[in-house]
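Shown below: entry.txt, with compact mmCIF, C-alpha atoms and all ligand atoms.
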```txt
# COMPACT_ATOMS: atom_id res chain seq x y z
CA MET A 15 81.50 94.79 93.48
CA GLY A 16 80.59 93.02 96.60
CA ASN A 17 78.37 90.23 95.57
CA CYS A 18 77.73 86.82 96.94
CA PHE A 19 76.63 83.28 96.34
CA GLY A 20 73.03 82.77 97.24
CA ARG A 21 72.87 86.40 98.12
CA THR A 22 69.18 86.78 97.49
CA ALA A 23 68.55 84.35 100.29
CA LYS A 24 70.92 85.97 102.73
CA VAL A 25 70.10 89.50 103.59
CA ASP A 26 71.85 91.43 106.29
CA ARG A 27 69.16 92.39 108.75
CA SER A 28 71.13 92.38 111.96
CA LEU A 29 72.85 95.71 111.88
CA SER A 30 73.40 97.30 115.22
CA ASN A 31 74.58 100.66 113.94
CA THR A 32 73.30 103.19 111.51
CA ALA A 33 74.69 101.51 108.45
CA MET A 34 72.40 101.38 105.51
CA GLU A 35 69.63 98.83 105.20
CA VAL A 36 68.11 99.34 101.83
CA PRO A 37 65.08 97.41 100.71
CA ILE A 38 64.06 98.36 97.18
CA LYS A 39 61.31 100.89 97.01
CA ASP A 40 59.76 99.81 93.71
CA GLY A 41 63.10 100.43 92.05
CA HIS A 42 63.03 104.17 92.66
CA THR A 43 64.07 106.56 95.32
CA SER A 44 61.48 109.05 96.30
CA SER A 45 63.10 111.36 98.78
CA PHE A 46 66.53 112.49 99.86
CA SER A 47 67.24 113.02 103.51
CA TYR A 48 70.27 113.36 105.73
CA LEU A 49 71.28 112.59 109.24
CA LYS A 50 74.43 114.64 109.38
CA ALA A 51 76.18 117.32 107.44
CA SER A 52 79.44 116.19 105.97
CA THR A 53 82.53 117.44 107.75
CA SER A 54 84.81 116.28 104.99
CA HIS A 55 86.19 119.32 103.22
CA GLY A 56 88.84 117.68 101.13
CA LYS A 57 90.82 116.82 104.24
CA ASN A 58 92.57 113.53 104.36
CA THR A 59 89.94 111.86 106.51
CA PRO A 60 86.43 110.89 105.59
CA GLY A 61 84.92 112.95 108.42
CA SER A 62 81.31 112.05 109.11
CA ILE A 63 79.57 109.95 106.57
CA LEU A 64 76.04 110.83 105.57
CA ILE A 65 73.59 108.04 106.23
CA PRO A 66 70.21 108.00 104.51
CA ARG A 67 67.33 108.53 106.91
CA SER A 68 64.94 106.54 104.77
CA GLU A 69 65.90 103.16 103.53
CA GLY A 70 66.62 103.05 99.84
CA ASP A 71 67.60 106.68 99.47
CA ILE A 72 70.36 107.84 97.23
CA LEU A 73 72.15 110.69 98.86
CA SER A 74 72.40 113.56 96.47
CA SER A 75 76.03 114.30 95.86
CA PRO A 76 77.33 117.26 93.92
CA HIS A 77 80.09 114.97 92.70
CA LEU A 78 77.85 112.43 91.02
CA LYS A 79 75.99 112.59 87.76
CA ALA A 80 72.69 110.71 87.39
CA PHE A 81 72.95 109.14 83.94
CA THR A 82 70.05 107.80 81.93
CA PHE A 83 70.26 104.27 80.61
CA ASP A 84 70.29 105.57 77.04
CA GLU A 85 73.27 107.80 77.78
CA LEU A 86 75.26 104.84 79.05
CA ARG A 87 74.10 102.65 76.20
CA ASN A 88 75.49 105.27 73.81
CA ALA A 89 78.69 105.68 75.82
CA THR A 90 79.41 101.92 75.63
CA ARG A 91 78.30 101.28 72.05
CA ASN A 92 75.21 99.50 73.26
CA PHE A 93 77.18 97.41 75.77
CA ARG A 94 78.83 95.65 72.88
CA PRO A 95 80.90 92.60 73.78
CA ASP A 96 84.02 94.29 72.46
CA SER A 97 83.50 97.07 75.01
CA LEU A 98 83.60 94.49 77.81
CA ILE A 99 86.55 94.90 80.19
CA GLY A 100 85.64 92.61 83.04
CA GLU A 101 83.08 90.63 84.91
CA GLY A 102 82.44 90.22 88.62
CA GLY A 103 79.67 88.86 90.76
CA PHE A 104 77.83 92.18 90.40
CA GLY A 105 77.71 92.14 86.63
CA TYR A 106 79.67 93.16 83.58
CA VAL A 107 82.06 96.08 83.30
CA TYR A 108 82.31 97.96 79.98
CA LYS A 109 84.58 100.61 78.59
CA GLY A 110 82.76 103.80 77.69
CA TRP A 111 83.45 107.34 76.56
CA ILE A 112 82.02 110.57 77.91
CA ASP A 113 82.77 114.24 77.52
CA GLU A 114 85.08 115.40 80.28
CA GLN A 115 83.17 118.64 80.90
CA THR A 116 79.53 117.85 80.22
CA LEU A 117 79.77 114.09 80.95
CA ALA A 118 77.61 113.50 77.86
CA ALA A 119 78.08 110.22 75.98
CA MET A 120 80.74 110.38 73.27
CA LYS A 121 81.84 108.26 70.36
CA PRO A 122 84.47 105.61 71.09
CA GLY A 123 87.89 107.18 71.29
CA CYS A 124 86.53 110.68 72.00
CA GLY A 125 86.54 112.41 75.35
CA MET A 126 87.28 110.60 78.59
CA VAL A 127 87.35 106.84 79.06
CA VAL A 128 85.17 105.47 81.85
CA ALA A 129 84.32 102.04 83.23
CA VAL A 130 80.59 101.31 83.28
CA LYS A 131 79.44 98.55 85.62
CA LYS A 132 76.04 97.08 84.81
CA LEU A 133 74.24 95.22 87.56
CA LYS A 134 72.84 91.82 86.70
CA PRO A 135 69.13 91.99 87.33
CA GLU A 136 69.20 89.80 90.42
CA GLY A 137 67.09 91.80 92.81
CA PHE A 138 67.35 92.99 96.33
CA GLN A 139 70.90 92.33 97.47
CA GLY A 140 72.39 93.66 94.25
CA HIS A 141 70.43 96.86 94.66
CA LYS A 142 71.57 97.17 98.24
CA GLU A 143 75.20 96.88 97.24
CA TRP A 144 74.72 99.26 94.33
CA LEU A 145 73.20 101.81 96.68
CA SER A 146 75.93 101.36 99.24
CA GLU A 147 78.50 102.00 96.51
CA VAL A 148 76.73 105.16 95.35
CA ASN A 149 76.36 106.52 98.86
CA TYR A 150 79.87 105.76 100.08
CA LEU A 151 81.80 106.64 96.94
CA GLY A 152 79.61 109.69 96.43
CA GLN A 153 81.01 111.04 99.68
CA LEU A 154 84.48 109.57 100.03
CA HIS A 155 87.25 111.10 97.98
CA HIS A 156 90.86 110.07 98.21
CA PRO A 157 93.63 109.35 95.69
CA ASN A 158 93.54 105.69 96.73
CA LEU A 159 89.81 105.19 96.28
CA VAL A 160 88.43 104.76 92.79
CA LYS A 161 86.47 107.79 91.63
CA LEU A 162 82.79 107.24 91.05
CA ILE A 163 81.61 109.63 88.34
CA GLY A 164 77.94 108.77 88.39
CA TYR A 165 75.23 106.19 88.45
CA CYS A 166 72.12 105.17 86.60
CA LEU A 167 68.84 104.11 88.18
CA ASP A 168 66.46 103.62 85.33
CA GLY A 169 63.62 101.11 85.71
CA ASP A 170 65.27 97.84 86.68
CA ASN A 171 68.66 99.01 85.46
CA ARG A 172 71.38 99.78 87.96
CA LEU A 173 74.72 101.01 86.67
CA LEU A 174 77.81 102.71 88.03
CA VAL A 175 80.24 104.90 86.12
CA TYR A 176 83.84 105.03 87.36
CA GLU A 177 87.10 106.53 86.31
CA TYR A 178 88.81 104.04 84.03
CA MET A 179 91.77 102.24 85.58
CA PRO A 180 94.04 101.29 82.68
CA LYS A 181 95.90 98.47 84.41
CA GLY A 182 92.80 96.72 85.69
CA CYS A 183 92.86 94.85 88.97
CA LEU A 184 95.75 93.46 91.00
CA GLU A 185 94.28 89.95 90.82
CA ASN A 186 94.86 89.77 87.08
CA HIS A 187 98.47 90.92 87.41
CA LEU A 188 99.29 88.43 90.12
CA PHE A 189 97.39 85.32 89.13
CA ARG A 190 96.31 85.49 85.52
CA ARG A 191 98.10 82.95 83.42
CA GLY A 192 100.40 84.67 80.94
CA ALA A 193 100.33 88.05 82.71
CA GLN A 194 103.56 89.99 82.76
CA PRO A 195 105.14 89.48 86.18
CA LEU A 196 104.74 92.35 88.57
CA ALA A 197 108.11 93.47 89.89
CA TRP A 198 108.85 93.82 93.58
CA ALA A 199 108.85 97.61 93.53
CA ALA A 200 105.44 97.68 91.84
CA ARG A 201 104.08 95.21 94.42
CA ILE A 202 105.24 97.43 97.26
CA LYS A 203 103.82 100.50 95.56
CA VAL A 204 100.46 98.74 95.26
CA ALA A 205 100.57 97.63 98.91
CA ILE A 206 101.36 101.17 100.08
CA GLY A 207 98.61 102.70 97.94
CA ALA A 208 96.02 100.20 99.11
CA ALA A 209 97.13 100.68 102.73
CA HIS A 210 96.62 104.43 102.35
CA GLY A 211 93.11 103.77 101.06
CA LEU A 212 92.24 101.60 104.07
CA ALA A 213 93.92 103.98 106.53
CA PHE A 214 91.83 106.82 105.12
CA LEU A 215 88.65 104.83 105.70
CA HIS A 216 89.61 103.80 109.23
CA ASP A 217 91.11 107.08 110.39
CA SER A 218 88.04 109.11 111.00
CA GLU A 219 85.52 110.14 113.59
CA GLN A 220 83.20 107.65 112.04
CA PRO A 221 85.35 104.94 110.55
CA VAL A 222 84.27 103.02 107.50
CA ILE A 223 84.97 99.30 107.40
CA TYR A 224 85.59 98.25 103.84
CA ARG A 225 84.85 94.55 104.40
CA ASP A 226 85.80 93.35 100.92
CA PHE A 227 89.52 93.99 100.67
CA LYS A 228 90.99 91.57 98.12
CA ALA A 229 93.19 91.56 95.04
CA SER A 230 90.28 91.90 92.59
CA ASN A 231 89.06 95.05 94.33
CA ILE A 232 92.41 96.82 94.05
CA LEU A 233 92.44 98.68 90.75
CA LEU A 234 95.58 100.09 89.19
CA ASP A 235 96.21 103.19 87.15
CA SER A 236 98.85 103.42 84.45
CA GLU A 237 101.57 103.96 87.07
CA PHE A 238 100.48 101.21 89.44
CA ASN A 239 98.83 103.58 91.85
CA ALA A 240 96.30 101.46 93.71
CA LYS A 241 92.69 102.46 94.24
CA LEU A 242 90.08 100.56 96.21
CA SER A 243 86.86 99.82 94.38
CA ASP A 244 83.60 98.14 95.40
CA PHE A 245 82.01 99.64 98.47
CA GLY A 246 78.99 97.38 98.22
CA LEU A 247 79.79 95.68 101.53
CA ALA A 248 81.24 98.72 103.31
CA LYS A 249 79.82 99.53 106.74
CA ALA A 250 79.93 102.49 109.04
CA GLY A 251 82.26 101.36 111.81
CA PRO A 252 81.78 101.62 115.57
CA THR A 253 81.71 105.04 117.19
CA GLY A 254 82.10 106.23 120.76
CA ASP A 255 82.82 103.44 123.22
CA ARG A 256 81.69 100.68 120.95
CA THR A 257 84.32 98.26 119.74
CA HIS A 258 82.49 96.63 116.87
CA VAL A 259 79.37 96.57 114.75
CA THR A 260 77.43 93.37 114.36
CA THR A 261 76.41 92.23 110.92
CA GLN A 262 75.59 89.07 109.13
CA VAL A 263 78.86 87.64 107.93
CA MET A 264 79.58 88.77 104.37
CA GLY A 265 82.82 88.89 102.51
CA THR A 266 85.04 86.71 100.38
CA GLN A 267 86.30 83.32 101.38
CA GLY A 268 89.91 83.42 102.48
CA TYR A 269 90.00 87.18 102.98
CA ALA A 270 87.46 87.46 105.79
CA ALA A 271 88.89 87.50 109.32
CA PRO A 272 88.21 84.30 111.30
CA GLU A 273 86.81 86.09 114.37
CA TYR A 274 84.35 87.96 112.16
CA ILE A 275 83.24 84.70 110.55
CA ALA A 276 82.81 83.17 114.01
CA THR A 277 80.97 86.06 115.69
CA GLY A 278 79.66 88.50 113.06
CA ARG A 279 81.51 91.24 114.95
CA LEU A 280 83.03 93.61 112.47
CA THR A 281 85.93 95.91 113.33
CA THR A 282 88.52 97.80 111.35
CA LYS A 283 90.88 94.96 112.30
CA CYS A 284 88.90 92.74 109.92
CA ASP A 285 90.19 94.88 107.05
CA VAL A 286 93.71 94.61 108.50
CA TYR A 287 93.42 90.81 108.33
CA SER A 288 92.37 90.97 104.67
CA PHE A 289 95.26 93.33 104.02
CA GLY A 290 97.65 90.75 105.50
CA VAL A 291 96.21 88.13 103.16
CA VAL A 292 96.84 90.38 100.16
CA LEU A 293 100.40 90.99 101.38
CA LEU A 294 100.90 87.23 101.29
CA GLU A 295 99.47 87.11 97.79
CA LEU A 296 101.91 89.82 96.74
CA LEU A 297 104.83 87.89 98.22
CA SER A 298 103.92 84.49 96.89
CA GLY A 299 102.01 85.22 93.68
CA ARG A 300 99.46 82.68 94.91
CA THR A 301 95.81 83.26 95.52
CA VAL A 302 94.50 82.81 99.06
CA VAL A 303 92.35 79.81 98.22
CA ASP A 304 93.58 77.86 95.23
CA LYS A 305 91.18 75.13 94.32
CA THR A 306 93.51 73.85 91.63
CA LYS A 307 95.92 72.71 94.34
CA VAL A 308 95.65 69.83 96.76
CA GLY A 309 96.44 69.47 100.45
CA VAL A 310 97.99 72.27 102.44
CA GLU A 311 98.82 74.23 99.27
CA ARG A 312 95.15 74.99 98.76
CA ASN A 313 95.21 77.44 101.62
CA LEU A 314 97.85 80.11 101.24
CA LEU A 315 98.02 81.01 104.93
CA GLU A 316 98.43 77.44 106.10
CA TRP A 317 100.99 76.67 103.44
CA ALA A 318 103.07 79.83 103.90
CA ARG A 319 102.95 80.18 107.68
CA PRO A 320 105.93 77.92 108.55
CA TYR A 321 108.23 79.89 106.24
CA LEU A 322 107.21 83.45 106.99
CA THR A 323 109.14 83.98 110.19
CA ASP A 324 112.28 82.19 109.12
CA ARG A 325 114.46 84.48 107.10
CA ARG A 326 116.42 81.61 105.55
CA LYS A 327 113.34 79.72 104.45
CA LEU A 328 111.27 82.63 103.20
CA PHE A 329 112.48 82.19 99.60
CA ARG A 330 110.47 78.97 99.47
CA ILE A 331 107.19 80.82 99.38
CA MET A 332 108.31 83.79 97.30
CA ASP A 333 106.77 84.20 93.86
CA THR A 334 109.08 82.45 91.41
CA LYS A 335 107.99 85.00 88.80
CA LEU A 336 110.10 87.53 90.68
CA GLU A 337 113.13 85.49 89.62
CA GLY A 338 114.78 86.29 92.93
CA GLN A 339 114.74 90.03 92.20
CA TYR A 340 113.64 91.40 95.53
CA PRO A 341 115.45 92.71 98.59
CA GLN A 342 115.65 89.89 101.11
CA LYS A 343 115.34 92.20 104.07
CA GLY A 344 112.32 93.93 102.56
CA ALA A 345 110.63 90.63 101.75
CA TYR A 346 111.22 89.44 105.30
CA MET A 347 109.75 92.66 106.71
CA VAL A 348 106.66 92.22 104.54
CA ALA A 349 106.37 88.58 105.61
CA LEU A 350 106.49 89.55 109.28
CA LEU A 351 103.94 92.28 108.66
CA ALA A 352 101.64 89.78 106.94
CA VAL A 353 101.99 87.48 109.97
CA GLN A 354 101.04 90.32 112.31
CA CYS A 355 98.09 91.38 110.19
CA THR A 356 96.72 87.84 110.08
CA SER A 357 97.29 87.17 113.78
CA GLU A 358 94.62 87.34 116.46
CA ALA A 359 92.69 90.59 116.22
CA LYS A 360 94.04 92.05 119.45
CA VAL A 361 97.65 91.92 118.29
CA ARG A 362 96.97 93.07 114.75
CA PRO A 363 98.36 96.52 113.95
CA GLN A 364 96.20 99.44 112.89
CA MET A 365 96.50 100.51 109.26
CA ASP A 366 98.58 103.57 110.16
CA GLU A 367 101.08 101.25 111.88
CA VAL A 368 101.09 99.02 108.81
CA LEU A 369 101.84 102.07 106.68
CA ALA A 370 104.72 103.06 108.92
CA VAL A 371 106.34 99.66 108.34
CA LEU A 372 105.74 99.74 104.60
CA ASP A 373 107.28 103.19 104.39
CA GLU A 374 110.45 101.88 105.99
CA LEU A 375 110.95 99.12 103.47
CA PRO A 376 114.06 99.13 101.38
CA ASN A 377 112.76 100.15 97.95
CA GLY A 378 109.42 100.87 99.56
CA LYS A 379 109.44 104.48 98.46
CA ASP A 380 111.67 104.05 95.47
CA THR A 381 109.77 102.40 92.68
CA LYS A 382 111.94 104.15 90.13
CA LYS A 383 114.68 101.57 90.13
CA PRO A 384 112.96 98.91 88.15
CA SER A 385 114.26 95.38 88.00
CA LYS A 386 114.09 93.48 84.75
CA VAL A 387 110.70 92.18 85.72
CA LYS A 388 109.37 95.67 86.47
CA GLN A 389 110.51 97.02 83.13
CA GLN A 390 108.57 94.31 81.39
CA ALA A 391 105.50 94.91 83.47
CA VAL A 392 105.46 98.65 82.99
CA SER A 393 106.55 99.02 79.43
CA ASN A 394 104.54 96.28 77.82
CA PRO A 395 100.95 97.28 77.29
CA GLY A 396 100.24 93.63 76.62
CA SER A 397 100.23 93.17 80.38
CA ASN A 398 96.94 94.97 80.21
CA SER A 399 95.21 92.40 78.06
CA ALA A 400 93.31 91.43 81.18
CA PHE A 401 90.62 93.83 80.06
CA ARG A 402 89.12 91.26 77.78
CA HIS A 403 89.34 88.68 80.47
CA HIS A 404 86.18 86.96 81.55
CA LYS A 405 86.87 85.99 85.09
CA PRO A 406 84.52 83.07 85.77
CA SER A 407 85.83 81.18 82.76
CA HIS A 408 89.45 81.77 83.64
CA PRO A 409 91.24 78.53 84.39
CA ASN A 410 93.75 80.06 86.72
CA ILE A 411 91.63 82.09 89.07
CA PRO A 412 89.30 80.25 91.38
CA SER A 413 86.05 82.12 91.63
CA GLN A 414 85.97 83.96 94.94
CA ARG A 415 82.84 85.99 94.92
CA PRO A 416 82.04 87.64 98.21
CA THR A 417 79.70 85.38 100.01
CA CYS A 418 78.11 84.76 103.32
CA VAL A 419 81.35 83.21 104.41
CA GLY A 420 80.49 81.85 107.76
CA SER A 421 76.94 80.78 107.48
N1 LIG B 501 87.13 101.34 87.09
C1 LIG B 501 87.60 100.31 86.40
N2 LIG B 501 88.54 100.49 85.44
C2 LIG B 501 89.04 99.44 84.74
N3 LIG B 501 88.66 98.17 84.92
C3 LIG B 501 87.74 97.92 85.86
C4 LIG B 501 87.15 98.97 86.64
N4 LIG B 501 86.27 98.41 87.51
C5 LIG B 501 86.31 97.09 87.29
N5 LIG B 501 87.18 96.79 86.30
C6 LIG B 501 87.50 95.46 85.76
O1 LIG B 501 86.34 94.68 85.81
C7 LIG B 501 86.58 93.51 86.57
C8 LIG B 501 85.32 93.14 87.31
O2 LIG B 501 85.12 94.05 88.36
P1 LIG B 501 84.03 93.80 89.48
O3 LIG B 501 84.29 94.78 90.55
O4 LIG B 501 82.68 93.79 88.86
O5 LIG B 501 84.28 92.33 89.97
P2 LIG B 501 85.41 91.73 90.90
O6 LIG B 501 85.96 92.77 91.81
O7 LIG B 501 86.40 91.06 90.01
O8 LIG B 501 84.62 90.67 91.72
P3 LIG B 501 83.59 90.95 92.87
O9 LIG B 501 82.26 90.87 92.26
O10 LIG B 501 83.87 89.88 93.81
O11 LIG B 501 83.90 92.29 93.44
C9 LIG B 501 87.75 93.86 87.48
O12 LIG B 501 88.43 92.72 87.87
C10 LIG B 501 88.57 94.78 86.61
O13 LIG B 501 89.44 94.02 85.80
MG MG B 502 85.31 94.21 92.47
```

In structure tokens, write the structure found in this file.
Ligand SMILES: Nc1ncnc2c1ncn2[C@@H]1O[C@H](COP(=O)(O)OP(=O)(O)OP(=O)(O)O)[C@@H](O)[C@H]1O
Ligand SMILES: [Mg+2]
Amino acid sequence: MGNCFGRTAKVDRSLSNTAMEVPIKDGHTSSFSYLKASTSHGKNTPGSILIPRSEGDILSSPHLKAFTFDELRNATRNFRPDSLIGEGGFGYVYKGWIDEQTLAAMKPGCGMVVAVKKLKPEGFQGHKEWLSEVNYLGQLHHPNLVKLIGYCLDGDNRLLVYEYMPKGCLENHLFRRGAQPLAWAARIKVAIGAAHGLAFLHDSEQPVIYRDFKASNILLDSEFNAKLSDFGLAKAGPTGDRTHVTTQVMGTQGYAAPEYIATGRLTTKCDVYSFGVVLLELLSGRTVVDKTKVGVERNLLEWARPYLTDRRKLFRIMDTKLEGQYPQKGAYMVALLAVQCTSEAKVRPQMDEVLAVLDELPNGKDTKKPSKVKQQAVSNPGSNSAFRHHKPSHPNIPSQRPTCVGS
């Protein structure tokens, strides 16, 4: 979930649009109000997004269940350590079980598996992000966005209940030491799924800027379908003649677009930049900022740039875990696309243009011809052992919490 270093000290108060500003109202919401009626009727665009009239409001959504803390305690076996499946800046994520129909807590192994995210009690900014998540994911529904099932606001407790994504996040597959290598076809499938998620957000009357696109926020189902999670930093994008919204700079180091860091001007092209960064991570198997490396190799973009536009040199930055099993033409097309996405904002493509390129890739649509590497990745459930992984203590993944990147 979007979270940041020193976040309690840095609060976004400079919004120029109607995006949510949500000071805590004594930990409780008191009224529900609406600016607009939703125009999203299951169509493939978000339509208009409801924005709370009063700060701090949770928009009532017929899709979301309001859980009590006790229900979620029961669903997760009292948040037992062996129910833990991950940790982010927002807090811990636990595996839980609920009844598919009634959504009541169930015994482990019974009913439907869910992921329960429990906010660390860190105050204002965490609540703001929690609320943003509830309000955006309560309204946005798409196969490439993670499904939010419900939330809990109980005293100081803030929790979120999501569909469980059995293959965890892309970050663990790409960078976690000992993870089964992700085959080329699976990488392209993930890129296409994530691109659809972003295109859905951008392609609307009132676009939504995701603002925290990165490998750890791309969750994977059992078939490597990608779903975006963490809408804590999402913002309603510009409407009408406006080209941008202005916000305090928030995001994750390495993924945030340079012009946004420099100016605080947020556009959908900022997400396109982050998408380009993730494309490079998919190609190279390296994380965007690798603090375990020295010199130019610390910064993926700087290190990779000289090789990306030279077809004969591209192999030098390709993930060695692919063992050469990728189509050279396809890899080159992805490299060029990554270059375009991370170029100056005005020449960056829109997400629908990105999708058009990805759809043309050799093997782009055909993920059913697995290479040796793919077979390992798909058939071995051990590749999923990431669920017990405690990110901050992991030696191989530099901590990249979203932060106030430019200030
Ligand atoms: N719905 C889910 N299903 C399965 N695993 C999940 C789910 N949501 C989160 N996780 C796991 O929990 C981990 C922590 O997620 P979380 O969103 O809290 O942090 P993060 O994305 O890693 O970091 P950040 O705080 O910067 O967003 C993820 O990396 C993933 O492995
Ligand atoms: Mg996350």

Pairwise distance for atom C6 of ligand LIG 501 (chain B) and CA of Val148 (chain A), rounded to one decimal in Å: 17.4 Å

At most 9 Å from ligand MG 502 (chain B) (only C-alpha atoms and all ligand atoms): residue list as a ChimeraX atom specification: /A:15-17,101-104,183,226,228-233,242-245,415

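By chain and then residue number, the residues within 9 Å of Leu234 (chain A) are Met179, Pro180, Lys181, Gly182, Cys183, Leu184, Val204, Ile232, Ser236, Glu237, Phe238, Asn239, Ala240, Lys241 and Leu242 of chain A, counting all atoms listed in the file and disregarding those fewer than 2 positions away in sequence.
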
Atom pair CA of Ala193 (chain A) / CA of Leu247 (chain A): separation (Å):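 CA of Leu247 (chain A) lies at a distance of 28.9 Å from CA of Ala193 (chain A).
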
Who sits within 10 Å of Asp96 (chain A), only C-alpha atoms, same chain under 4 positions skipped, as a list of chain:residue names: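 Listing them by chain and then by number gives A:Thr90, A:Arg91, A:Tyr108, A:Lys109, A:Arg402.
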
Of the listed residues A:Leu174, A:Cys124, A:Leu145, A:Leu86, that which approaches ligand LIG 501 (chain B) most closely, counting all atoms listed in the file: A:Leu174

If the box runs along x, y and z of the file and leaves 6 Å on each side of region 114-122 of chain A, what are its centre and edge lengths in Å, one decimal, as JSON?
```
{"center_x": 81.3, "center_y": 112.1, "center_z": 75.7, "size_x": 19.5, "size_y": 25.0, "size_z": 22.6}
```

Computed interatomic separation between CA of Leu297 (chain A) and CA of Val348 (chain A) (Å):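 Interatomic distance, CA of Leu297 (chain A) to CA of Val348 (chain A): 7.9 Å.
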